[in-house]
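Colleague: Data file final11.cif (mmCIF, N, CA and C atoms) is appended below.
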data_data
#
loop_
_atom_site.group_PDB
_atom_site.id
_atom_site.type_symbol
_atom_site.label_atom_id
_atom_site.label_comp_id
_atom_site.auth_asym_id
_atom_site.auth_seq_id
_atom_site.Cartn_x
_atom_site.Cartn_y
_atom_site.Cartn_z
ATOM 1 N N MET A 1 16.915 -19.432 247.343
ATOM 2 C CA MET A 1 18.117 -18.933 246.710
ATOM 3 C C MET A 1 19.028 -20.093 246.353
ATOM 4 N N GLU A 2 19.680 -19.962 245.228
ATOM 5 C CA GLU A 2 20.608 -21.009 244.810
ATOM 6 C C GLU A 2 21.912 -20.902 245.585
ATOM 7 N N ALA A 3 22.624 -22.025 245.635
ATOM 8 C CA ALA A 3 23.897 -22.033 246.360
ATOM 9 C C ALA A 3 24.919 -21.125 245.705
ATOM 10 N N ALA A 4 24.883 -21.025 244.365
ATOM 11 C CA ALA A 4 25.853 -20.185 243.655
ATOM 12 C C ALA A 4 25.649 -18.707 243.986
ATOM 13 N N ALA A 5 24.431 -18.330 244.296
ATOM 14 C CA ALA A 5 24.152 -16.929 244.616
ATOM 15 C C ALA A 5 24.683 -16.555 245.993
ATOM 16 N N LEU A 6 24.983 -17.534 246.829
ATOM 17 C CA LEU A 6 25.439 -17.248 248.176
ATOM 18 C C LEU A 6 26.945 -17.031 248.273
ATOM 19 N N ILE A 7 27.661 -17.266 247.188
ATOM 20 C CA ILE A 7 29.107 -17.062 247.200
ATOM 21 C C ILE A 7 29.385 -15.564 247.222
ATOM 22 N N ILE A 8 30.124 -15.134 248.210
ATOM 23 C CA ILE A 8 30.462 -13.715 248.336
ATOM 24 C C ILE A 8 31.914 -13.539 247.926
ATOM 25 N N ARG A 9 32.124 -12.714 246.926
ATOM 26 C CA ARG A 9 33.477 -12.439 246.435
ATOM 27 C C ARG A 9 33.963 -11.140 247.052
ATOM 28 N N PRO A 10 35.232 -11.055 247.356
ATOM 29 C CA PRO A 10 35.752 -9.792 247.914
ATOM 30 C C PRO A 10 35.696 -8.688 246.852
ATOM 31 N N GLU A 11 35.459 -7.499 247.310
ATOM 32 C CA GLU A 11 35.418 -6.369 246.387
ATOM 33 C C GLU A 11 36.815 -6.046 245.887
ATOM 34 N N ILE A 12 36.842 -5.512 244.686
ATOM 35 C CA ILE A 12 38.109 -5.080 244.108
ATOM 36 C C ILE A 12 38.355 -3.647 244.593
ATOM 37 N N PRO A 13 39.523 -3.385 245.156
ATOM 38 C CA PRO A 13 39.792 -2.028 245.665
ATOM 39 C C PRO A 13 39.743 -0.976 244.553
ATOM 40 N N LEU A 14 39.300 0.196 244.898
ATOM 41 C CA LEU A 14 39.179 1.281 243.931
ATOM 42 C C LEU A 14 40.529 1.650 243.320
ATOM 43 N N GLU A 15 41.597 1.541 244.093
ATOM 44 C CA GLU A 15 42.922 1.891 243.548
ATOM 45 C C GLU A 15 43.400 0.887 242.504
ATOM 46 N N SER A 16 42.720 -0.235 242.365
ATOM 47 C CA SER A 16 43.075 -1.207 241.334
ATOM 48 C C SER A 16 42.397 -0.913 240.003
ATOM 49 N N PHE A 17 41.515 0.104 239.954
ATOM 50 C CA PHE A 17 40.782 0.382 238.725
ATOM 51 C C PHE A 17 41.719 0.693 237.558
ATOM 52 N N PHE A 18 42.653 1.615 237.759
ATOM 53 C CA PHE A 18 43.532 1.992 236.650
ATOM 54 C C PHE A 18 44.413 0.835 236.189
ATOM 55 N N PRO A 19 45.060 0.064 237.094
ATOM 56 C CA PRO A 19 45.833 -1.087 236.615
ATOM 57 C C PRO A 19 44.970 -2.125 235.887
ATOM 58 N N ILE A 20 43.741 -2.321 236.343
ATOM 59 C CA ILE A 20 42.850 -3.254 235.653
ATOM 60 C C ILE A 20 42.519 -2.734 234.263
ATOM 61 N N PHE A 21 42.185 -1.457 234.180
ATOM 62 C CA PHE A 21 41.866 -0.849 232.895
ATOM 63 C C PHE A 21 43.069 -0.913 231.952
ATOM 64 N N LEU A 22 44.246 -0.575 232.462
ATOM 65 C CA LEU A 22 45.452 -0.555 231.636
ATOM 66 C C LEU A 22 45.827 -1.960 231.166
ATOM 67 N N SER A 23 45.793 -2.926 232.063
ATOM 68 C CA SER A 23 46.171 -4.287 231.654
ATOM 69 C C SER A 23 45.145 -4.865 230.685
ATOM 70 N N SER A 24 43.878 -4.535 230.853
ATOM 71 C CA SER A 24 42.855 -4.988 229.904
ATOM 72 C C SER A 24 43.090 -4.397 228.518
ATOM 73 N N ALA A 25 43.387 -3.109 228.486
ATOM 74 C CA ALA A 25 43.655 -2.459 227.202
ATOM 75 C C ALA A 25 44.914 -3.034 226.555
ATOM 76 N N LEU A 26 45.929 -3.305 227.358
ATOM 77 C CA LEU A 26 47.168 -3.866 226.810
ATOM 78 C C LEU A 26 46.974 -5.277 226.271
ATOM 79 N N VAL A 27 46.082 -6.051 226.871
ATOM 80 C CA VAL A 27 45.799 -7.384 226.344
ATOM 81 C C VAL A 27 45.298 -7.267 224.904
ATOM 82 N N ILE A 28 44.414 -6.316 224.657
ATOM 83 C CA ILE A 28 43.871 -6.128 223.310
ATOM 84 C C ILE A 28 44.938 -5.585 222.363
ATOM 85 N N ILE A 29 45.639 -4.556 222.785
ATOM 86 C CA ILE A 29 46.633 -3.912 221.914
ATOM 87 C C ILE A 29 47.786 -4.856 221.595
ATOM 88 N N LEU A 30 48.284 -5.558 222.600
ATOM 89 C CA LEU A 30 49.396 -6.488 222.365
ATOM 90 C C LEU A 30 48.955 -7.668 221.510
ATOM 91 N N GLY A 31 47.705 -8.095 221.666
ATOM 92 C CA GLY A 31 47.169 -9.149 220.802
ATOM 93 C C GLY A 31 47.116 -8.706 219.353
ATOM 94 N N LEU A 32 46.721 -7.467 219.127
ATOM 95 C CA LEU A 32 46.723 -6.921 217.765
ATOM 96 C C LEU A 32 48.146 -6.861 217.209
ATOM 97 N N GLY A 33 49.097 -6.492 218.069
ATOM 98 C CA GLY A 33 50.494 -6.454 217.629
ATOM 99 C C GLY A 33 50.996 -7.830 217.234
ATOM 100 N N TYR A 34 50.677 -8.837 218.059
ATOM 101 C CA TYR A 34 51.103 -10.206 217.742
ATOM 102 C C TYR A 34 50.518 -10.678 216.420
ATOM 103 N N ILE A 35 49.216 -10.557 216.286
ATOM 104 C CA ILE A 35 48.561 -11.030 215.059
ATOM 105 C C ILE A 35 49.008 -10.204 213.863
ATOM 106 N N GLY A 36 49.151 -8.907 214.040
ATOM 107 C CA GLY A 36 49.558 -8.049 212.924
ATOM 108 C C GLY A 36 50.946 -8.381 212.413
ATOM 109 N N ILE A 37 51.900 -8.452 213.310
ATOM 110 C CA ILE A 37 53.277 -8.758 212.887
ATOM 111 C C ILE A 37 53.353 -10.166 212.321
ATOM 112 N N TYR A 38 52.723 -11.125 212.984
ATOM 113 C CA TYR A 38 52.756 -12.510 212.505
ATOM 114 C C TYR A 38 52.180 -12.605 211.092
ATOM 115 N N THR A 39 51.047 -11.971 210.869
ATOM 116 C CA THR A 39 50.401 -12.024 209.561
ATOM 117 C C THR A 39 51.248 -11.341 208.497
ATOM 118 N N LEU A 40 51.774 -10.175 208.811
ATOM 119 C CA LEU A 40 52.570 -9.448 207.816
ATOM 120 C C LEU A 40 53.855 -10.197 207.463
ATOM 121 N N VAL A 41 54.468 -10.856 208.420
ATOM 122 C CA VAL A 41 55.662 -11.643 208.125
ATOM 123 C C VAL A 41 55.287 -12.840 207.256
ATOM 124 N N ARG A 42 54.202 -13.526 207.594
ATOM 125 C CA ARG A 42 53.783 -14.701 206.822
ATOM 126 C C ARG A 42 53.365 -14.334 205.400
ATOM 127 N N LEU A 43 52.812 -13.134 205.223
ATOM 128 C CA LEU A 43 52.424 -12.682 203.885
ATOM 129 C C LEU A 43 53.594 -12.104 203.099
ATOM 130 N N GLY A 44 54.733 -11.966 203.730
ATOM 131 C CA GLY A 44 55.909 -11.446 203.053
ATOM 132 C C GLY A 44 55.986 -9.934 203.006
ATOM 133 N N LYS A 45 55.142 -9.260 203.760
ATOM 134 C CA LYS A 45 55.164 -7.787 203.787
ATOM 135 C C LYS A 45 56.225 -7.250 204.742
ATOM 136 N N LEU A 46 56.618 -8.054 205.716
ATOM 137 C CA LEU A 46 57.710 -7.722 206.631
ATOM 138 C C LEU A 46 58.773 -8.805 206.517
ATOM 139 N N GLN A 47 60.000 -8.457 206.891
ATOM 140 C CA GLN A 47 61.085 -9.429 206.814
ATOM 141 C C GLN A 47 60.979 -10.457 207.941
ATOM 142 N N LYS A 48 61.453 -11.673 207.653
ATOM 143 C CA LYS A 48 61.356 -12.766 208.636
ATOM 144 C C LYS A 48 62.077 -12.490 209.956
ATOM 145 N N PRO A 49 63.177 -11.738 209.989
ATOM 146 C CA PRO A 49 63.810 -11.475 211.291
ATOM 147 C C PRO A 49 62.925 -10.700 212.272
ATOM 148 N N LEU A 50 61.812 -10.157 211.807
ATOM 149 C CA LEU A 50 60.908 -9.429 212.699
ATOM 150 C C LEU A 50 59.918 -10.346 213.421
ATOM 151 N N MET A 51 59.896 -11.631 213.053
ATOM 152 C CA MET A 51 58.950 -12.565 213.675
ATOM 153 C C MET A 51 59.122 -12.679 215.196
ATOM 154 N N PRO A 52 60.355 -12.646 215.740
ATOM 155 C CA PRO A 52 60.460 -12.709 217.212
ATOM 156 C C PRO A 52 59.702 -11.587 217.926
ATOM 157 N N PHE A 53 59.548 -10.450 217.275
ATOM 158 C CA PHE A 53 58.790 -9.368 217.896
ATOM 159 C C PHE A 53 57.326 -9.749 218.072
ATOM 160 N N ALA A 54 56.800 -10.527 217.136
ATOM 161 C CA ALA A 54 55.421 -11.006 217.294
ATOM 162 C C ALA A 54 55.304 -11.840 218.560
ATOM 163 N N TYR A 55 56.281 -12.723 218.773
ATOM 164 C CA TYR A 55 56.236 -13.574 219.963
ATOM 165 C C TYR A 55 56.479 -12.772 221.237
ATOM 166 N N LEU A 56 57.263 -11.707 221.159
ATOM 167 C CA LEU A 56 57.426 -10.831 222.329
ATOM 168 C C LEU A 56 56.105 -10.152 222.676
ATOM 169 N N PHE A 57 55.350 -9.760 221.651
ATOM 170 C CA PHE A 57 54.032 -9.191 221.892
ATOM 171 C C PHE A 57 53.137 -10.222 222.581
ATOM 172 N N TRP A 58 53.219 -11.484 222.134
ATOM 173 C CA TRP A 58 52.393 -12.531 222.752
ATOM 174 C C TRP A 58 52.789 -12.742 224.211
ATOM 175 N N VAL A 59 54.088 -12.772 224.495
ATOM 176 C CA VAL A 59 54.544 -12.962 225.876
ATOM 177 C C VAL A 59 54.060 -11.805 226.750
ATOM 178 N N ALA A 60 54.175 -10.587 226.252
ATOM 179 C CA ALA A 60 53.713 -9.431 227.015
ATOM 180 C C ALA A 60 52.195 -9.486 227.213
ATOM 181 N N GLN A 61 51.480 -9.918 226.194
ATOM 182 C CA GLN A 61 50.030 -10.048 226.309
ATOM 183 C C GLN A 61 49.657 -11.102 227.355
ATOM 184 N N THR A 62 50.365 -12.209 227.348
ATOM 185 C CA THR A 62 50.103 -13.266 228.311
ATOM 186 C C THR A 62 50.360 -12.773 229.732
ATOM 187 N N TYR A 63 51.446 -12.037 229.917
ATOM 188 C CA TYR A 63 51.732 -11.485 231.241
ATOM 189 C C TYR A 63 50.634 -10.511 231.676
ATOM 190 N N CYS A 64 50.193 -9.651 230.765
ATOM 191 C CA CYS A 64 49.142 -8.686 231.113
ATOM 192 C C CYS A 64 47.846 -9.396 231.481
ATOM 193 N N LEU A 65 47.530 -10.480 230.790
ATOM 194 C CA LEU A 65 46.325 -11.219 231.132
ATOM 195 C C LEU A 65 46.470 -11.907 232.489
ATOM 196 N N TYR A 66 47.655 -12.434 232.762
ATOM 197 C CA TYR A 66 47.909 -13.025 234.081
ATOM 198 C C TYR A 66 47.775 -11.961 235.176
ATOM 199 N N TYR A 67 48.382 -10.802 234.950
ATOM 200 C CA TYR A 67 48.318 -9.710 235.922
ATOM 201 C C TYR A 67 46.873 -9.257 236.126
ATOM 202 N N LEU A 68 46.113 -9.211 235.050
ATOM 203 C CA LEU A 68 44.705 -8.856 235.159
ATOM 204 C C LEU A 68 43.966 -9.875 236.024
ATOM 205 N N GLY A 69 44.259 -11.153 235.824
ATOM 206 C CA GLY A 69 43.642 -12.187 236.649
ATOM 207 C C GLY A 69 43.975 -12.027 238.119
ATOM 208 N N VAL A 70 45.213 -11.626 238.406
ATOM 209 C CA VAL A 70 45.612 -11.381 239.799
ATOM 210 C C VAL A 70 44.876 -10.169 240.353
ATOM 211 N N LEU A 71 44.776 -9.115 239.564
ATOM 212 C CA LEU A 71 44.120 -7.889 240.035
ATOM 213 C C LEU A 71 42.641 -8.092 240.331
ATOM 214 N N ILE A 72 41.978 -8.901 239.525
ATOM 215 C CA ILE A 72 40.544 -9.104 239.759
ATOM 216 C C ILE A 72 40.294 -10.277 240.702
ATOM 217 N N LYS A 73 41.376 -10.823 241.230
ATOM 218 C CA LYS A 73 41.315 -11.892 242.224
ATOM 219 C C LYS A 73 40.576 -13.121 241.693
ATOM 220 N N SER A 74 40.943 -13.523 240.477
ATOM 221 C CA SER A 74 40.315 -14.717 239.923
ATOM 222 C C SER A 74 40.893 -15.962 240.585
ATOM 223 N N GLU A 75 40.129 -17.017 240.551
ATOM 224 C CA GLU A 75 40.530 -18.265 241.181
ATOM 225 C C GLU A 75 41.609 -18.952 240.340
ATOM 226 N N PRO A 76 42.385 -19.846 240.941
ATOM 227 C CA PRO A 76 43.450 -20.527 240.190
ATOM 228 C C PRO A 76 42.940 -21.262 238.957
ATOM 229 N N PHE A 77 41.767 -21.890 239.054
ATOM 230 C CA PHE A 77 41.229 -22.590 237.880
ATOM 231 C C PHE A 77 40.985 -21.614 236.736
ATOM 232 N N THR A 78 40.428 -20.452 237.066
ATOM 233 C CA THR A 78 40.165 -19.440 236.037
ATOM 234 C C THR A 78 41.470 -18.955 235.427
ATOM 235 N N GLN A 79 42.510 -18.804 236.227
ATOM 236 C CA GLN A 79 43.802 -18.383 235.685
ATOM 237 C C GLN A 79 44.356 -19.436 234.733
ATOM 238 N N TRP A 80 44.166 -20.717 235.045
ATOM 239 C CA TRP A 80 44.612 -21.775 234.125
ATOM 240 C C TRP A 80 43.815 -21.748 232.826
ATOM 241 N N VAL A 81 42.519 -21.459 232.923
ATOM 242 C CA VAL A 81 41.701 -21.345 231.715
ATOM 243 C C VAL A 81 42.180 -20.175 230.862
ATOM 244 N N LEU A 82 42.491 -19.055 231.490
ATOM 245 C CA LEU A 82 43.005 -17.899 230.753
ATOM 246 C C LEU A 82 44.340 -18.225 230.093
ATOM 247 N N PHE A 83 45.196 -18.953 230.795
ATOM 248 C CA PHE A 83 46.476 -19.347 230.199
ATOM 249 C C PHE A 83 46.247 -20.292 229.021
ATOM 250 N N GLY A 84 45.301 -21.206 229.155
ATOM 251 C CA GLY A 84 44.962 -22.082 228.033
ATOM 252 C C GLY A 84 44.462 -21.304 226.829
ATOM 253 N N ALA A 85 43.679 -20.260 227.093
ATOM 254 C CA ALA A 85 43.219 -19.405 226.001
ATOM 255 C C ALA A 85 44.396 -18.716 225.318
ATOM 256 N N MET A 86 45.381 -18.310 226.102
ATOM 257 C CA MET A 86 46.554 -17.662 225.510
ATOM 258 C C MET A 86 47.381 -18.641 224.682
ATOM 259 N N VAL A 87 47.469 -19.882 225.115
ATOM 260 C CA VAL A 87 48.171 -20.894 224.319
ATOM 261 C C VAL A 87 47.424 -21.100 223.004
ATOM 262 N N GLY A 88 46.102 -21.140 223.073
ATOM 263 C CA GLY A 88 45.304 -21.233 221.853
ATOM 264 C C GLY A 88 45.520 -20.030 220.950
ATOM 265 N N PHE A 89 45.595 -18.841 221.551
ATOM 266 C CA PHE A 89 45.832 -17.625 220.776
ATOM 267 C C PHE A 89 47.203 -17.661 220.097
ATOM 268 N N LEU A 90 48.152 -18.353 220.720
ATOM 269 C CA LEU A 90 49.479 -18.510 220.117
ATOM 270 C C LEU A 90 49.437 -19.498 218.956
ATOM 271 N N LEU A 91 48.714 -20.589 219.113
ATOM 272 C CA LEU A 91 48.761 -21.677 218.142
ATOM 273 C C LEU A 91 47.789 -21.536 216.968
ATOM 274 N N ILE A 92 46.662 -20.891 217.160
ATOM 275 C CA ILE A 92 45.657 -20.818 216.097
ATOM 276 C C ILE A 92 46.184 -20.153 214.828
ATOM 277 N N PRO A 93 46.922 -19.037 214.885
ATOM 278 C CA PRO A 93 47.446 -18.480 213.630
ATOM 279 C C PRO A 93 48.366 -19.451 212.884
ATOM 280 N N HIS A 94 49.160 -20.241 213.624
ATOM 281 C CA HIS A 94 50.012 -21.228 212.976
ATOM 282 C C HIS A 94 49.168 -22.255 212.239
ATOM 283 N N PHE A 95 48.091 -22.698 212.881
ATOM 284 C CA PHE A 95 47.210 -23.687 212.274
ATOM 285 C C PHE A 95 46.508 -23.114 211.044
ATOM 286 N N VAL A 96 46.063 -21.863 211.118
ATOM 287 C CA VAL A 96 45.382 -21.223 209.995
ATOM 288 C C VAL A 96 46.320 -21.123 208.793
ATOM 289 N N TYR A 97 47.549 -20.682 209.005
ATOM 290 C CA TYR A 97 48.477 -20.551 207.888
ATOM 291 C C TYR A 97 48.938 -21.906 207.368
ATOM 292 N N PHE A 98 48.994 -22.914 208.223
ATOM 293 C CA PHE A 98 49.282 -24.273 207.769
ATOM 294 C C PHE A 98 48.170 -24.749 206.829
ATOM 295 N N LEU A 99 46.919 -24.550 207.231
ATOM 296 C CA LEU A 99 45.803 -24.937 206.365
ATOM 297 C C LEU A 99 45.798 -24.145 205.068
ATOM 298 N N MET A 100 46.129 -22.881 205.143
ATOM 299 C CA MET A 100 46.164 -22.047 203.953
ATOM 300 C C MET A 100 47.223 -22.540 202.973
ATOM 301 N N GLU A 101 48.402 -22.882 203.480
ATOM 302 C CA GLU A 101 49.465 -23.396 202.610
ATOM 303 C C GLU A 101 49.067 -24.723 201.981
ATOM 304 N N LYS A 102 48.472 -25.616 202.752
ATOM 305 C CA LYS A 102 48.039 -26.909 202.212
ATOM 306 C C LYS A 102 46.940 -26.727 201.172
ATOM 307 N N THR A 103 46.057 -25.774 201.369
ATOM 308 C CA THR A 103 45.003 -25.507 200.390
ATOM 309 C C THR A 103 45.604 -24.975 199.096
ATOM 310 N N HIS A 104 46.554 -24.069 199.201
ATOM 311 C CA HIS A 104 47.195 -23.536 197.994
ATOM 312 C C HIS A 104 47.973 -24.628 197.253
ATOM 313 N N GLU A 105 48.621 -25.508 197.992
ATOM 314 C CA GLU A 105 49.337 -26.630 197.351
ATOM 315 C C GLU A 105 48.363 -27.541 196.619
ATOM 316 N N ALA A 106 47.212 -27.813 197.222
ATOM 317 C CA ALA A 106 46.235 -28.704 196.600
ATOM 318 C C ALA A 106 45.618 -28.081 195.358
ATOM 319 N N VAL A 107 45.407 -26.789 195.379
ATOM 320 C CA VAL A 107 44.787 -26.112 194.241
ATOM 321 C C VAL A 107 45.782 -25.884 193.114
ATOM 322 N N GLU A 108 47.022 -25.586 193.447
ATOM 323 C CA GLU A 108 48.013 -25.279 192.422
ATOM 324 C C GLU A 108 48.508 -26.511 191.697
ATOM 325 N N HIS A 109 48.393 -27.715 192.283
ATOM 326 C CA HIS A 109 48.936 -28.915 191.651
ATOM 327 C C HIS A 109 47.858 -29.786 191.096
#
Since I need it in another form, could you write the structure as structure tokens?

Modeller:
Amino acid sequence: MEAAALIIRPEIPLESFFPIFLSSALVIILGLGYIGIYTLVRLGKLQKPLMPFAYLFWVAQTYCLYYLGVLIKSEPFTQWVLFGAMVGFLLIPHFVYFLMEKTHEAVEH
């Protein structure tokens, strides 16, 4: 047997099922809210004062992912990796729209 197979993780209590399910679902839904509002504001379909709501969705999503990590008893390293993923999720849309603007500038001129 490999050494990795010998690691015994504590079981997740049954009463944690609903909070785990809810926080997992909220991570997806809040992520859609962040990307949706951010995209619609950048495309000019929503007014710019609504952009802070996109970031509120991201903050709530980040908290739900952190809470999910606590509920499933993930290790501190894994929680840092999840937080890094959330920072990437925050920054990637900015990078995509930056590239899109630079591409349009290069093509239009």

Colleague: Could you build a table of the residues in stretch 57-105 of chain A lying no more than 6 Å from stretch 30-46 of chain A, giving for each the nearest pair of atoms and their separation in Å rounded to one decimal place, using all atoms listed in the file, ordered by chain and ascending residue number, as CSV?

Modeller:
residue,atom,partner,partner_atom,distance
A:Phe57,C,A:Leu30,C,5.0
A:Trp58,N,A:Tyr34,CA,5.0
A:Gln61,CA,A:Leu30,CA,5.4

Colleague: Between atom N of A:Pro93 and atom C of A:Trp80, what is the distance in Å, rounded to a tenth?

Modeller: 18.4 Å

Colleague: Give me, please, the distance in Å between atom N of A:Val59 and atom N of A:Phe21, quoted to one decimal.

Modeller: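 These atoms are spaced 19.1 Å apart.
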
Colleague: Atom CA of A:Val96 and atom C of A:Ser24, how far apart in Å?

Modeller: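 These atoms are spaced 25.1 Å apart.
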
Colleague: I'd like to know which residues of chain A are alpha helix (DSSP H) (by DSSP, run on the backbone); could you write them as number ranges by chain?

Modeller: A: 17-42, 51-71, 76-108

Colleague: Between A:Pro10, A:Tyr55, A:His104, A:Leu71, which has the minimum distance to A:Leu91 (counting only C-alpha atoms)?

Modeller: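 Closest to A:Leu91, using only C-alpha atoms: A:Tyr55.
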
Colleague: Choose the residue, out of A:Val70, A:Ile92, A:Ala85, A:Cys64, that has the smallest atom-to-atom separation from A:Leu22; count only N, CA and C atoms.

Modeller: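 Closest candidate: A:Cys64.
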